[in-house]
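Enquirer: Can you keep this structure in mind? I'll have questions shortly.
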Amino acid sequence: MYVDVILPVPLGGTYTYTVPPEMQDKIKTGTLVRVQFGKARYYTGIVANIKQIPPENTANIKPVTALETETPVALPVQIKFWQWIAEYCICPLGTVFHAAIPSRNQKTYKRNFAPDKQIETQPQDPLTPVLQKTAEDITNSFKTKNVVLLHSETAAGKTEIYINLINNSLNDGKQALYLLPEIMMTEQITKHLKHIFGDKLLIYHSGIINRKRIRIWDRMLATNEPVVVLGVRSSIFLPFQNLGLVIVDEEHESGYKQQESAPRYNARNAAIVLAKLHDAKTILGSATPSLESFYNSETGKYAYVCQKAQNTEPEHSAITVVDIKDLRRKKIMKSLFSPLLTEKIKETLDNGKQVILFQNRRGFSQSLTCKVCDWTPRCRFCDIPLKWHKQNNRLTCHYCGRIYTIPSKCPECNSDELQPRGFGTEKIEEQIKILFPSVEIARMDSDTTKNMSETKAIISDFESGKTQILIGTMMIVKNIDLKNVTLAGILNTDMLINQPDFRAHERTFQIITQISGITRDHIPPVETILQTSTPDSPLFTAILNHDYRMMAKTEMEERLLFHYPPFYRILIIDFRHEDENTVRNASIYFADRLRSKITVPNYFIGPDKPSVGKTDGVHIRRLLLKIHTGSSLNSIRFSISLAHSALIRNKTIKHVTITFNMDPV
């Protein structure tokens, strides 16, 4: 008997071992085994396949050293799912295995399942006629399509629809997966779901200690009982045995994409594949769907259900665009706040309501710059300007985290006229305190929320009304109950629009829609002030009219013209090495071989130095490949494999690190 074993190492494929006679009756797909790898290393791997027919060459096949679990720790359908992720993300299967299973399971696995204490539950309140109609539309759509895009206006009650459909799934004896893009968002909804589902609700994410995550893993392996899992992207790896429904809420959010390390999967896309493997249904929910999902609904790949707001008041809150370029030209605006925004803040506070001020950049200023020669301090290890944090009087690299002292004079021209350029949340906080000295103000960004207790304290103070003005980045919209907020100010909308990213306009529309519509079901609705130097941008027409389809039509016309998603897929291949010449030579060598293999109509950009060409002392070169949706991904992966193998055989450049990012966000 032979087994193919997945090892938790960054190498491709599986490795074949013989099974000693005394283990043959015990070994199963999904069990953990101890095996020798190389001359002296031993790893705990997982059995992916059992076969009786020996491979062609058996001379160097080693035996399994030990059977570490007689009970499988993963199911065959999970292993099939891992294989899809490895192929899709162009990453080793062992890397997926390492990411999928809670860490203790890879070493020693002891079944420690005990059911949670019984929690008293209460039935869900009956759905309103509007919500009931939407739920029925989704159910009917599932008769012809496995995936439904729920285009729901902000605060229109889609959570109650989800609960209704989850209840239906549980009543049918099926399991449900409810995905959210961030951990803090799961905390907001947990209390509500606990009252409905009791001990059938399982919370799973990295914020939960490993022991509890293993306990949930045990429970789902031990039984196929109908449960609902609430979690973030890692929840897709759980051992579902009877999955019936998958919900991906806020499906447009970039938080579903694993960014930092392999496998760089998008949990939204992976969840659809997971559901398909289980013959389950998927709901993608959003007030501002990703253009990829919207395109799939327009072309008939997904079903489409539109849900309107329930209240009878005006559907949309007021949005006002303020031309700050004109105000500055006329010397009317001398601070970060236009006269209109300042007046509206005062009016809101006088009415006992709350204000949020949004700027998606932390720190005091974007950089320090010499007024005489335009010199800007940069990180010695990363190819970016340093950000000035005035509160701590330091310069900080937002990539590697290194801290620098502020020079007293410009090292280039010896001038002492160093001035801040641009602004972040810290500068907004300083100026708002001058304008409203007696008001309780808080700032919420990654500098003030270094741990969960700090985050919870800021949220608690704002939701209780202790804080009247909250300044922050996007996390304030995702993590705060804004029921008492009636004014939102976006101080620099141009910073959102002018990002060097083909999704910049789409994301700007999504952010403003989320901010302006967050209190739609409360009266009065939130008023949003957009400060911009480009008020004539066509994007503002769609924003002011709350016209998602107008934005989508304009964006898709440009995407088609310039070969971007949803018509093309993007693959980013990064090359990293401490020596700049080595990484440049490796990227060119790889790109030349890849171009010679790929003949279908795809588009290569690079290899070039990206906008940040060095991080933490490591130089980067980037090759971007635009892949037509009609192209065979398997043939492209094969071509990449050949180019990669050729590079590894080249002794002068083989130590360059290569990473692959399919469908980046």
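To be explicit about the labels: the chains of the structure tokens are called A, B, and onward in the order shown, and within each one the residues are counted from 1, while ligands get numbers from 1 in the order they are shown.
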Residues at most 8 Å from Phe575 of chain A, counting only C-alpha atoms, excluding those fewer than 3 positions away in the same chain, as an MDAnalysis selection string?
Expert: chainID A and resid 583 586:587 620:622 656:659
Enquirer: Among segment 459-528 of chain A, which ones does DSSP assign to helix (DSSP H, G or I) (computed from the backbone)? Answer as a list in words.
Expert: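 Here are the helix (DSSP H, G or I) residues of segment 459-528 of chain A: Ile459, Ser460, Asp461, Phe462, Glu463, Met475, Ile476, Val477, Lys478, Asn479, Thr493, Asp494, Met495, Leu496, Ile497, Ala504, His505, Glu506, Arg507, Thr508, Phe509, Gln510, Ile511, Ile512, Thr513, Gln514, Ile515, Ser516 and Gly517 of chain A.
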Enquirer: Let's see if you can do this: from backbone DSSP, list all strand (DSSP E or B) residues in segment 129-270 of chain A, as a ChimeraX atom specification.
Expert: /A:147-152,175-179,201-204,228-231,243-249,257,266
Enquirer: Please produce a file of those selected residues containing N, CA, C and O atoms, as a short mmCIF file (atom, residue, chain, number, x, y, z; two decimals), in the first residue's frame.
Expert:
data_model
loop_
_atom_site.label_atom_id
_atom_site.label_comp_id
_atom_site.auth_asym_id
_atom_site.auth_seq_id
_atom_site.Cartn_x
_atom_site.Cartn_y
_atom_site.Cartn_z
N VAL A 147 -25.65 30.66 -7.45
CA VAL A 147 -25.12 31.88 -6.83
C VAL A 147 -26.08 33.02 -7.09
O VAL A 147 -26.51 33.24 -8.23
N VAL A 148 -26.43 33.75 -6.03
CA VAL A 148 -27.30 34.92 -6.13
C VAL A 148 -26.55 36.15 -5.65
O VAL A 148 -25.96 36.13 -4.55
N LEU A 149 -26.53 37.20 -6.44
CA LEU A 149 -26.01 38.49 -6.01
C LEU A 149 -27.17 39.29 -5.43
O LEU A 149 -28.11 39.65 -6.15
N LEU A 150 -27.10 39.57 -4.13
CA LEU A 150 -28.12 40.38 -3.45
C LEU A 150 -27.61 41.82 -3.40
O LEU A 150 -26.73 42.16 -2.63
N HIS A 151 -28.17 42.65 -4.27
CA HIS A 151 -27.81 44.06 -4.32
C HIS A 151 -28.75 44.81 -3.38
O HIS A 151 -29.87 45.17 -3.74
N SER A 152 -28.27 45.00 -2.15
CA SER A 152 -29.13 45.54 -1.09
C SER A 152 -28.66 46.92 -0.69
O SER A 152 -27.48 47.14 -0.44
N GLN A 175 -25.81 22.64 7.06
CA GLN A 175 -24.94 23.61 7.71
C GLN A 175 -24.89 24.90 6.89
O GLN A 175 -25.15 24.89 5.69
N ALA A 176 -24.53 26.01 7.56
CA ALA A 176 -24.44 27.30 6.88
C ALA A 176 -23.14 27.99 7.27
O ALA A 176 -22.65 27.84 8.39
N LEU A 177 -22.59 28.73 6.33
CA LEU A 177 -21.38 29.53 6.55
C LEU A 177 -21.72 30.99 6.27
O LEU A 177 -22.19 31.33 5.18
N TYR A 178 -21.48 31.85 7.27
CA TYR A 178 -21.78 33.28 7.17
C TYR A 178 -20.44 34.02 7.26
O TYR A 178 -19.84 34.10 8.32
N LEU A 179 -19.98 34.54 6.13
CA LEU A 179 -18.68 35.19 6.06
C LEU A 179 -18.80 36.71 6.14
O LEU A 179 -19.67 37.31 5.50
N LEU A 201 -24.52 28.27 16.84
CA LEU A 201 -23.66 29.29 16.25
C LEU A 201 -22.21 29.05 16.68
O LEU A 201 -21.91 29.00 17.88
N LEU A 202 -21.32 28.92 15.72
CA LEU A 202 -19.89 28.73 15.98
C LEU A 202 -19.13 29.93 15.42
O LEU A 202 -19.30 30.28 14.24
N ILE A 203 -18.32 30.57 16.26
CA ILE A 203 -17.53 31.73 15.85
C ILE A 203 -16.11 31.27 15.56
O ILE A 203 -15.47 30.63 16.40
N TYR A 204 -15.60 31.60 14.36
CA TYR A 204 -14.28 31.07 13.97
C TYR A 204 -13.48 32.16 13.24
O TYR A 204 -13.85 32.59 12.15
N VAL A 228 -24.35 26.86 12.18
CA VAL A 228 -23.99 28.01 11.37
C VAL A 228 -22.66 28.54 11.87
O VAL A 228 -22.48 28.78 13.06
N VAL A 229 -21.71 28.69 10.96
CA VAL A 229 -20.39 29.22 11.28
C VAL A 229 -20.35 30.69 10.88
O VAL A 229 -20.64 31.04 9.73
N LEU A 230 -20.01 31.55 11.84
CA LEU A 230 -19.81 32.97 11.57
C LEU A 230 -18.32 33.24 11.65
O LEU A 230 -17.69 32.97 12.68
N GLY A 231 -17.75 33.75 10.58
CA GLY A 231 -16.31 33.97 10.61
C GLY A 231 -15.81 34.81 9.47
O GLY A 231 -16.59 35.36 8.67
N LEU A 243 -22.78 21.04 4.12
CA LEU A 243 -22.95 22.47 3.86
C LEU A 243 -24.10 22.70 2.88
O LEU A 243 -24.14 22.09 1.81
N GLY A 244 -25.00 23.59 3.26
CA GLY A 244 -26.15 23.88 2.40
C GLY A 244 -26.22 25.31 1.91
O GLY A 244 -26.79 25.58 0.86
N LEU A 245 -25.64 26.25 2.69
CA LEU A 245 -25.75 27.67 2.35
C LEU A 245 -24.48 28.40 2.73
O LEU A 245 -23.94 28.20 3.82
N VAL A 246 -24.00 29.24 1.82
CA VAL A 246 -22.85 30.11 2.08
C VAL A 246 -23.27 31.55 1.83
O VAL A 246 -23.84 31.86 0.77
N ILE A 247 -23.01 32.41 2.81
CA ILE A 247 -23.31 33.84 2.68
C ILE A 247 -22.00 34.61 2.73
O ILE A 247 -21.21 34.46 3.67
N VAL A 248 -21.75 35.43 1.72
CA VAL A 248 -20.58 36.31 1.70
C VAL A 248 -21.11 37.73 1.78
O VAL A 248 -21.52 38.31 0.77
N ASP A 249 -21.13 38.29 2.99
CA ASP A 249 -21.67 39.63 3.18
C ASP A 249 -20.60 40.67 2.88
O ASP A 249 -19.41 40.45 3.12
N LYS A 257 -9.56 39.21 0.68
CA LYS A 257 -8.35 38.78 -0.03
C LYS A 257 -7.20 38.60 0.95
O LYS A 257 -6.87 39.50 1.72
N ASN A 266 -8.83 34.72 -2.57
CA ASN A 266 -9.95 35.60 -2.26
C ASN A 266 -11.07 34.72 -1.72
O ASN A 266 -11.57 33.84 -2.41
#
Enquirer: What is the distance between atom CA of Thr348 of chain A and atom CA of Pro525 of chain A, in Å to one decimal?
Expert: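 Computing the Euclidean distance for atom CA of Thr348 of chain A and atom CA of Pro525 of chain A yields 12.1 Å.
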Enquirer: Within 12 Å of His98 of chain A, counting only C-alpha atoms, which residues show up once you throw out same-chain ones fewer than 6 positions away? Write them as a PyMOL selection string, please.
Expert: chain A and resi 6-11+43-46+82+86+91-92+104-107+234+237+261-263
